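A.B. asks: As input, take protein.cif (mmCIF, C-alpha atoms, pLDDT in the B column; chains and numbers go by the auth columns):
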data_structure
#
loop_
_atom_site.group_PDB
_atom_site.id
_atom_site.type_symbol
_atom_site.label_atom_id
_atom_site.label_comp_id
_atom_site.label_asym_id
_atom_site.label_seq_id
_atom_site.Cartn_x
_atom_site.Cartn_y
_atom_site.Cartn_z
_atom_site.B_iso_or_equiv
_atom_site.auth_seq_id
_atom_site.auth_asym_id
ATOM 1 C CA MET A 1 0.152 1.157 47.669 55.00 1 A
ATOM 2 C CA ALA A 2 -1.116 4.429 46.316 71.00 2 A
ATOM 3 C CA GLY A 3 0.443 5.484 43.043 86.00 3 A
ATOM 4 C CA THR A 4 -1.074 6.265 39.687 93.00 4 A
ATOM 5 C CA THR A 5 -3.478 4.071 37.759 95.00 5 A
ATOM 6 C CA TYR A 6 -2.057 3.389 34.313 97.00 6 A
ATOM 7 C CA LEU A 7 -2.911 1.703 31.051 97.00 7 A
ATOM 8 C CA ALA A 8 -0.160 0.115 28.970 97.00 8 A
ATOM 9 C CA LEU A 9 -0.820 -0.312 25.261 96.00 9 A
ATOM 10 C CA LEU A 10 1.549 -2.878 23.785 92.00 10 A
ATOM 11 C CA ARG A 11 2.251 -2.578 20.089 91.00 11 A
ATOM 12 C CA GLY A 12 3.273 -5.543 17.981 82.00 12 A
ATOM 13 C CA ILE A 13 2.178 -8.490 20.127 84.00 13 A
ATOM 14 C CA ASN A 14 -0.395 -11.163 19.277 79.00 14 A
ATOM 15 C CA VAL A 15 -0.999 -9.744 15.802 75.00 15 A
ATOM 16 C CA GLY A 16 -1.484 -12.107 12.880 72.00 16 A
ATOM 17 C CA GLY A 17 -0.113 -15.062 14.828 72.00 17 A
ATOM 18 C CA LYS A 18 3.216 -13.299 15.437 76.00 18 A
ATOM 19 C CA ASN A 19 4.919 -12.215 18.634 82.00 19 A
ATOM 20 C CA LYS A 20 2.715 -14.367 20.822 85.00 20 A
ATOM 21 C CA VAL A 21 2.492 -13.303 24.446 88.00 21 A
ATOM 22 C CA PRO A 22 -0.051 -15.126 26.627 88.00 22 A
ATOM 23 C CA MET A 23 -1.927 -12.673 28.843 89.00 23 A
ATOM 24 C CA ALA A 24 -1.240 -14.709 32.002 92.00 24 A
ATOM 25 C CA ALA A 25 2.493 -14.527 31.238 92.00 25 A
ATOM 26 C CA LEU A 26 2.231 -10.799 30.525 93.00 26 A
ATOM 27 C CA LYS A 27 0.462 -10.257 33.856 95.00 27 A
ATOM 28 C CA ALA A 28 3.205 -12.230 35.646 96.00 28 A
ATOM 29 C CA LEU A 29 5.916 -10.172 33.916 95.00 29 A
ATOM 30 C CA LEU A 30 4.264 -6.898 34.905 96.00 30 A
ATOM 31 C CA GLU A 31 3.998 -8.031 38.511 97.00 31 A
ATOM 32 C CA GLU A 32 7.635 -9.165 38.395 96.00 32 A
ATOM 33 C CA ILE A 33 8.799 -5.666 37.403 95.00 33 A
ATOM 34 C CA GLY A 34 6.957 -4.217 40.401 95.00 34 A
ATOM 35 C CA LEU A 35 3.588 -3.107 39.046 97.00 35 A
ATOM 36 C CA GLU A 36 0.574 -3.669 41.293 95.00 36 A
ATOM 37 C CA ASP A 37 -3.106 -4.555 40.819 95.00 37 A
ATOM 38 C CA VAL A 38 -2.288 -5.814 37.322 95.00 38 A
ATOM 39 C CA SER A 39 -5.043 -6.921 34.966 94.00 39 A
ATOM 40 C CA THR A 40 -5.185 -7.409 31.216 93.00 40 A
ATOM 41 C CA TYR A 41 -7.931 -6.951 28.659 93.00 41 A
ATOM 42 C CA ILE A 42 -8.168 -9.028 25.476 89.00 42 A
ATOM 43 C CA ALA A 43 -5.057 -10.499 23.908 82.00 43 A
ATOM 44 C CA SER A 44 -4.165 -7.470 21.793 80.00 44 A
ATOM 45 C CA GLY A 45 -1.889 -6.026 24.464 88.00 45 A
ATOM 46 C CA ASN A 46 -3.782 -3.948 26.995 93.00 46 A
ATOM 47 C CA ALA A 47 -2.789 -3.950 30.668 95.00 47 A
ATOM 48 C CA MET A 48 -3.957 -1.906 33.628 96.00 48 A
ATOM 49 C CA PHE A 49 -2.018 -1.459 36.864 96.00 49 A
ATOM 50 C CA ARG A 50 -0.891 0.921 39.592 96.00 50 A
ATOM 51 C CA SER A 51 2.612 2.239 40.120 96.00 51 A
ATOM 52 C CA LYS A 52 4.545 5.085 41.713 96.00 52 A
ATOM 53 C CA LEU A 53 6.986 5.077 38.789 95.00 53 A
ATOM 54 C CA ALA A 54 6.825 7.555 35.897 95.00 54 A
ATOM 55 C CA ALA A 55 5.085 6.407 32.708 96.00 55 A
ATOM 56 C CA ALA A 56 8.271 6.542 30.596 95.00 56 A
ATOM 57 C CA THR A 57 10.157 4.405 33.138 96.00 57 A
ATOM 58 C CA ILE A 58 7.347 1.832 33.174 97.00 58 A
ATOM 59 C CA ALA A 59 7.230 1.697 29.360 96.00 59 A
ATOM 60 C CA ARG A 60 10.993 1.066 29.202 95.00 60 A
ATOM 61 C CA LYS A 61 10.781 -1.680 31.864 96.00 61 A
ATOM 62 C CA ILE A 62 7.903 -3.393 30.036 95.00 62 A
ATOM 63 C CA GLU A 63 9.672 -3.235 26.653 92.00 63 A
ATOM 64 C CA ASP A 64 12.896 -4.632 28.170 92.00 64 A
ATOM 65 C CA GLY A 65 10.955 -7.341 29.994 93.00 65 A
ATOM 66 C CA LEU A 66 8.974 -8.361 26.908 91.00 66 A
ATOM 67 C CA THR A 67 12.008 -8.701 24.659 87.00 67 A
ATOM 68 C CA SER A 68 14.081 -10.544 27.256 89.00 68 A
ATOM 69 C CA THR A 69 11.275 -12.904 28.365 90.00 69 A
ATOM 70 C CA PHE A 70 9.573 -13.776 25.073 87.00 70 A
ATOM 71 C CA LYS A 71 10.848 -14.563 21.589 82.00 71 A
ATOM 72 C CA LEU A 72 9.676 -11.425 19.839 79.00 72 A
ATOM 73 C CA ASP A 73 10.607 -9.389 16.823 74.00 73 A
ATOM 74 C CA ASP A 74 11.645 -6.515 19.051 70.00 74 A
ATOM 75 C CA GLU A 75 11.557 -4.081 16.145 74.00 75 A
ATOM 76 C CA LEU A 76 7.747 -4.382 16.205 76.00 76 A
ATOM 77 C CA VAL A 77 7.353 -4.119 19.972 85.00 77 A
ATOM 78 C CA LYS A 78 6.739 -0.758 21.569 90.00 78 A
ATOM 79 C CA VAL A 79 4.870 0.236 24.716 94.00 79 A
ATOM 80 C CA LEU A 80 2.844 3.342 25.490 96.00 80 A
ATOM 81 C CA VAL A 81 1.838 3.998 29.091 97.00 81 A
ATOM 82 C CA LEU A 82 -1.037 6.394 29.739 97.00 82 A
ATOM 83 C CA SER A 83 -2.397 7.562 33.050 96.00 83 A
ATOM 84 C CA HIS A 84 -6.090 7.195 33.792 95.00 84 A
ATOM 85 C CA ALA A 85 -6.389 11.002 33.442 95.00 85 A
ATOM 86 C CA GLN A 86 -4.752 10.949 29.989 96.00 86 A
ATOM 87 C CA LEU A 87 -7.072 8.220 28.693 97.00 87 A
ATOM 88 C CA LYS A 88 -10.102 9.987 30.170 97.00 88 A
ATOM 89 C CA ALA A 89 -9.100 13.220 28.402 97.00 89 A
ATOM 90 C CA ILE A 90 -8.800 11.341 25.082 97.00 90 A
ATOM 91 C CA VAL A 91 -12.313 9.950 25.477 97.00 91 A
ATOM 92 C CA ASP A 92 -13.781 13.217 26.778 97.00 92 A
ATOM 93 C CA LYS A 93 -12.200 15.372 24.038 97.00 93 A
ATOM 94 C CA ARG A 94 -13.249 13.214 21.105 97.00 94 A
ATOM 95 C CA PRO A 95 -14.704 15.039 18.109 97.00 95 A
ATOM 96 C CA LYS A 96 -18.456 15.627 18.295 96.00 96 A
ATOM 97 C CA GLY A 97 -20.271 12.413 17.315 94.00 97 A
ATOM 98 C CA PHE A 98 -17.076 10.358 17.017 97.00 98 A
ATOM 99 C CA GLY A 99 -17.799 6.714 17.827 95.00 99 A
ATOM 100 C CA ASP A 100 -21.533 7.310 18.237 95.00 100 A
ATOM 101 C CA ALA A 101 -22.610 5.327 15.152 94.00 101 A
ATOM 102 C CA PRO A 102 -20.732 1.988 15.269 93.00 102 A
ATOM 103 C CA ASP A 103 -23.145 0.437 12.750 94.00 103 A
ATOM 104 C CA THR A 104 -22.220 3.130 10.217 95.00 104 A
ATOM 105 C CA TYR A 105 -18.565 3.913 10.970 95.00 105 A
ATOM 106 C CA HIS A 106 -15.492 2.001 12.101 95.00 106 A
ATOM 107 C CA SER A 107 -13.890 4.369 14.607 96.00 107 A
ATOM 108 C CA ASP A 108 -10.354 3.980 15.935 96.00 108 A
ATOM 109 C CA ALA A 109 -7.996 5.700 18.321 97.00 109 A
ATOM 110 C CA VAL A 110 -4.488 5.807 16.858 96.00 110 A
ATOM 111 C CA PHE A 111 -2.095 6.244 19.776 97.00 111 A
ATOM 112 C CA LEU A 112 1.293 7.821 19.048 96.00 112 A
ATOM 113 C CA MET A 113 4.543 6.677 20.629 94.00 113 A
ATOM 114 C CA ASP A 114 7.569 8.981 20.590 89.00 114 A
ATOM 115 C CA ILE A 115 6.343 10.774 17.490 92.00 115 A
ATOM 116 C CA ASP A 116 5.052 14.280 16.938 91.00 116 A
ATOM 117 C CA ARG A 117 1.312 14.396 16.314 91.00 117 A
ATOM 118 C CA ASP A 118 1.571 16.774 13.358 92.00 118 A
ATOM 119 C CA GLU A 119 4.255 14.626 11.714 92.00 119 A
ATOM 120 C CA ALA A 120 2.094 11.518 12.194 92.00 120 A
ATOM 121 C CA PHE A 121 -1.061 13.301 11.071 92.00 121 A
ATOM 122 C CA ALA A 122 0.594 14.154 7.740 91.00 122 A
ATOM 123 C CA VAL A 123 0.802 10.400 6.937 92.00 123 A
ATOM 124 C CA PHE A 124 -2.996 10.115 6.890 92.00 124 A
ATOM 125 C CA LYS A 125 -4.491 10.768 3.475 90.00 125 A
ATOM 126 C CA PRO A 126 -8.240 10.427 4.058 92.00 126 A
ATOM 127 C CA ARG A 127 -10.432 9.555 1.072 92.00 127 A
ATOM 128 C CA ASP A 128 -13.319 12.010 0.701 93.00 128 A
ATOM 129 C CA GLY A 129 -16.634 10.458 1.687 92.00 129 A
ATOM 130 C CA VAL A 130 -14.921 7.432 3.294 94.00 130 A
ATOM 131 C CA ASP A 131 -12.312 8.499 5.863 95.00 131 A
ATOM 132 C CA LYS A 132 -12.169 11.271 8.428 95.00 132 A
ATOM 133 C CA VAL A 133 -9.299 12.004 10.796 95.00 133 A
ATOM 134 C CA TRP A 134 -8.888 14.499 13.620 96.00 134 A
ATOM 135 C CA PRO A 135 -5.773 15.344 15.613 95.00 135 A
ATOM 136 C CA GLY A 136 -5.914 14.629 19.337 95.00 136 A
ATOM 137 C CA ASP A 137 -3.515 14.972 22.234 93.00 137 A
ATOM 138 C CA GLY A 138 -0.865 12.304 21.611 94.00 138 A
ATOM 139 C CA MET A 139 -3.204 10.467 19.269 96.00 139 A
ATOM 140 C CA ILE A 140 -5.339 10.680 16.158 96.00 140 A
ATOM 141 C CA TYR A 141 -9.049 9.935 15.891 97.00 141 A
ATOM 142 C CA SER A 142 -9.780 7.949 12.726 96.00 142 A
ATOM 143 C CA GLN A 143 -13.148 7.021 11.304 95.00 143 A
ATOM 144 C CA ARG A 144 -14.123 5.217 8.111 95.00 144 A
ATOM 145 C CA LEU A 145 -17.492 4.545 6.594 94.00 145 A
ATOM 146 C CA SER A 146 -18.188 0.848 7.192 93.00 146 A
ATOM 147 C CA ALA A 147 -19.985 0.314 3.872 93.00 147 A
ATOM 148 C CA GLU A 148 -16.969 1.742 2.023 92.00 148 A
ATOM 149 C CA ARG A 149 -14.154 0.475 4.261 85.00 149 A
ATOM 150 C CA THR A 150 -12.478 -1.417 1.382 88.00 150 A
ATOM 151 C CA LYS A 151 -11.928 2.023 -0.198 91.00 151 A
ATOM 152 C CA SER A 152 -10.443 3.448 2.990 91.00 152 A
ATOM 153 C CA ARG A 153 -6.910 4.788 2.912 88.00 153 A
ATOM 154 C CA LEU A 154 -6.311 4.015 6.602 86.00 154 A
ATOM 155 C CA SER A 155 -4.316 0.899 5.704 83.00 155 A
ATOM 156 C CA LYS A 156 -1.906 3.128 3.733 85.00 156 A
ATOM 157 C CA ILE A 157 -0.427 4.380 7.002 89.00 157 A
ATOM 158 C CA MET A 158 1.008 0.882 7.498 86.00 158 A
ATOM 159 C CA GLU A 159 3.335 1.568 4.560 87.00 159 A
ATOM 160 C CA SER A 160 4.904 4.529 6.351 91.00 160 A
ATOM 161 C CA PRO A 161 7.972 4.057 8.580 91.00 161 A
ATOM 162 C CA LEU A 162 6.088 6.194 11.116 92.00 162 A
ATOM 163 C CA TYR A 163 3.584 3.356 11.582 91.00 163 A
ATOM 164 C CA LYS A 164 6.093 1.667 13.917 91.00 164 A
ATOM 165 C CA SER A 165 5.362 4.529 16.316 93.00 165 A
ATOM 166 C CA MET A 166 1.592 3.999 16.355 94.00 166 A
ATOM 167 C CA THR A 167 -0.765 1.519 17.956 94.00 167 A
ATOM 168 C CA ILE A 168 -4.456 1.352 17.095 93.00 168 A
ATOM 169 C CA ARG A 169 -7.424 0.442 19.264 95.00 169 A
ATOM 170 C CA SER A 170 -11.043 0.415 18.175 95.00 170 A
ATOM 171 C CA TRP A 171 -13.104 3.136 19.802 97.00 171 A
ATOM 172 C CA GLN A 172 -15.176 0.471 21.578 95.00 172 A
ATOM 173 C CA THR A 173 -11.991 -1.023 23.059 96.00 173 A
ATOM 174 C CA THR A 174 -10.737 2.444 24.029 97.00 174 A
ATOM 175 C CA GLN A 175 -13.979 3.179 25.879 96.00 175 A
ATOM 176 C CA LYS A 176 -13.920 -0.245 27.536 96.00 176 A
ATOM 177 C CA LEU A 177 -10.342 0.324 28.726 96.00 177 A
ATOM 178 C CA LEU A 178 -11.392 3.603 30.340 97.00 178 A
ATOM 179 C CA GLU A 179 -14.356 1.847 31.951 95.00 179 A
ATOM 180 C CA LEU A 180 -12.013 -0.839 33.335 94.00 180 A
ATOM 181 C CA LEU A 181 -9.549 1.748 34.654 93.00 181 A
ATOM 182 C CA GLU A 182 -12.385 3.533 36.414 92.00 182 A
ATOM 183 C CA ALA A 183 -13.551 0.244 37.938 87.00 183 A
ATOM 184 C CA GLY A 184 -10.044 -0.502 39.180 76.00 184 A
ATOM 185 C CA GLY A 185 -9.152 -2.841 36.294 54.00 185 A
ATOM 186 C CA LYS A 186 -11.624 -5.515 37.376 49.00 186 A
#
Can the structure in the file be given as structure tokens, please?
C.D. replies:
Amino acid sequence: MAGTTYLALLRGINVGGKNKVPMAALKALLEEIGLEDVSTYIASGNAMFRSKLAAATIARKIEDGLTSTFKLDDELVKVLVLSHAQLKAIVDKRPKGFGDAPDTYHSDAVFLMDIDRDEAFAVFKPRDGVDKVWPGDGMIYSQRLSAERTKSRLSKIMESPLYKSMTIRSWQTTQKLLELLEAGGK
């Protein structure tokens, strides 16, 4: 099968002991809904696969499958499906130096799901000298000074109702996911 190589980012599973979804069961579910060459990466809800379907259709099928197969708080669960090209653009267009000093900064990619970037960006209230944020295409780049991370305001976004339309991956995980997509998910 040809098709597009995709990455699915699952929000709200395997976080804080809630909404547990074993990766083997997730892989089986994705194969059951017709996705091919499925692989997963770490238990935080990352899956790579190929499909001829559109990203929005795949996201809907995954969300429906998750909530009907597993006992989940479906208000927390949301799925974002990105093509390999979209993820590559996110990595390639990062702000200069972003993610280059992991011993100094905690860097994250905040992926947006069915929410306008500018509306989401307004929720971030960076603390001078601690936090920095940059708008991206369908996401927000967020960085906080590791030595001052307890003073970071990043956790404040969790208080916003818009947080339900975001999923966060560390920059290292984001880069690893791109690497896996480029290697065919293996």
A.B. asks: I'd like the interatomic distance between CA of Ala101 in chain A and CA of Ser152 in chain A, to a tenth of an Å.
C.D. replies: 17.3 Å
A.B. asks: Do a neighbour search on range 86-91 of chain A at 9 Å with all atoms listed in the file, toss out local chain neighbours closer than 6 positions, and write the hits as a PyMOL selection string.
C.D. replies: chain A and resi 6-7+109+136-139+171+174-175+177-178
A.B. asks: Would you mind telling me which residue in A:Lys96, A:Lys176, A:Arg149, A:Arg169 lies nearest to Leu10 in chain A when using only C-alpha atoms?
C.D. replies: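 Of A:Lys96, A:Lys176, A:Arg149, A:Arg169, the one nearest Leu10 in chain A, counting only C-alpha atoms, is A:Arg169.
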A.B. asks: Under the PyMOL selection byres ((chain A and resi 160-165) around 10), which residues of this model are included? Write them out as JSON, numbers by chain.
C.D. replies: {"A": [11, 12, 75, 76, 77, 78, 79, 80, 110, 111, 112, 113, 114, 115, 116, 119, 120, 123, 124, 155, 156, 157, 158, 159, 166, 167, 168]}
A.B. asks: Translate the PyMOL selection byres ((chain A and resi 131) around 8), as applied to the file shown, into an explicit residue set as a list in words.
C.D. replies: Pro126, Arg127, Asp128, Gly129, Val130, Lys132, Val133, Ser142, Gln143, Arg144, Leu145, Ser152, Arg153 and Leu154 of chain A
A.B. asks: What are the centre and edge lengths in Å, to one decimal, of the axis-aligned box around all listed atoms of range 70-75 of chain A with 6 Å added on each side, as JSON?
C.D. replies:
{"center_x": 10.6, "center_y": -9.3, "center_z": 20.6, "size_x": 14.1, "size_y": 22.5, "size_z": 20.9}
A.B. asks: Would you work out the distance separating CA of Phe98 in chain A from CA of Leu82 in chain A, expressed in Å to one decimal?
C.D. replies: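 Computing it gives 20.9 Å between the two atoms.
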A.B. asks: May I ask which of the residues A:Ala24, A:Leu181, A:Ala147, A:Ile62 is the closest one to Ser83 in chain A, counting all atoms listed in the file?
C.D. replies: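 Checking each candidate against Ser83 in chain A, we get A:Leu181 as the closest.
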A.B. asks: State, in Å with one decimal place, the distance from CA of Gly3 in chain A to CA of Arg60 in chain A.
C.D. replies: 18.0 Å
A.B. asks: For a cut-off of 10 Å around (-6.0, 0.5, 45.3), file coordinates, pick out all residues using all atoms listed in the file and list them as a PyMOL selection string.
C.D. replies: chain A and resi 1-5+36-37+49-50+184
A.B. asks: Rank nothing, just name the residue among A:Lys151, A:Ala183, A:Thr173, A:Gly65 nearest to Ser107 in chain A, using all atoms listed in the file.
C.D. replies: A:Thr173
A.B. asks: Could you pull the residues within 8 Å of Leu35 in chain A, counting only C-alpha atoms, minus those fewer than 3 positions along the same chain, as a PDB file with C-alpha atoms, in the frame of the given file?
C.D. replies:
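The file below, around-v7.pdb, is the result:
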ATOM      1  CA  LEU A  30       4.264  -6.898  34.905  1.00 96.00           C
ATOM      2  CA  GLU A  31       3.998  -8.031  38.511  1.00 97.00           C
ATOM      3  CA  GLU A  32       7.635  -9.165  38.395  1.00 96.00           C
ATOM      4  CA  VAL A  38      -2.288  -5.814  37.322  1.00 95.00           C
ATOM      5  CA  PHE A  49      -2.018  -1.459  36.864  1.00 96.00           C
ATOM      6  CA  ARG A  50      -0.891   0.921  39.592  1.00 96.00           C
ATOM      7  CA  SER A  51       2.612   2.239  40.120  1.00 96.00           C
TER       8      SER A  51
END
A.B. asks: Which residue, A:Gly97, A:Ile13, A:Ile33, A:Arg117, has the smallest gap to Ile58 in chain A when you use all atoms listed in the file?
C.D. replies: A:Ile33
A.B. asks: Let me make sure I understand: among A:Leu66, A:Ala8, A:Met48, A:Leu72, which one has the smallest atom-to-atom distance to Leu29 in chain A if we use all atoms listed in the file?
C.D. replies: A:Leu66
A.B. asks: My list of candidates is A:Ala56, A:Val15, A:Leu9, A:Ala47. Which is closest to Lys27 in chain A when distances are computed with all atoms listed in the file?
C.D. replies: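 With all atoms listed in the file as the atom set, the closest residue is A:Ala47.
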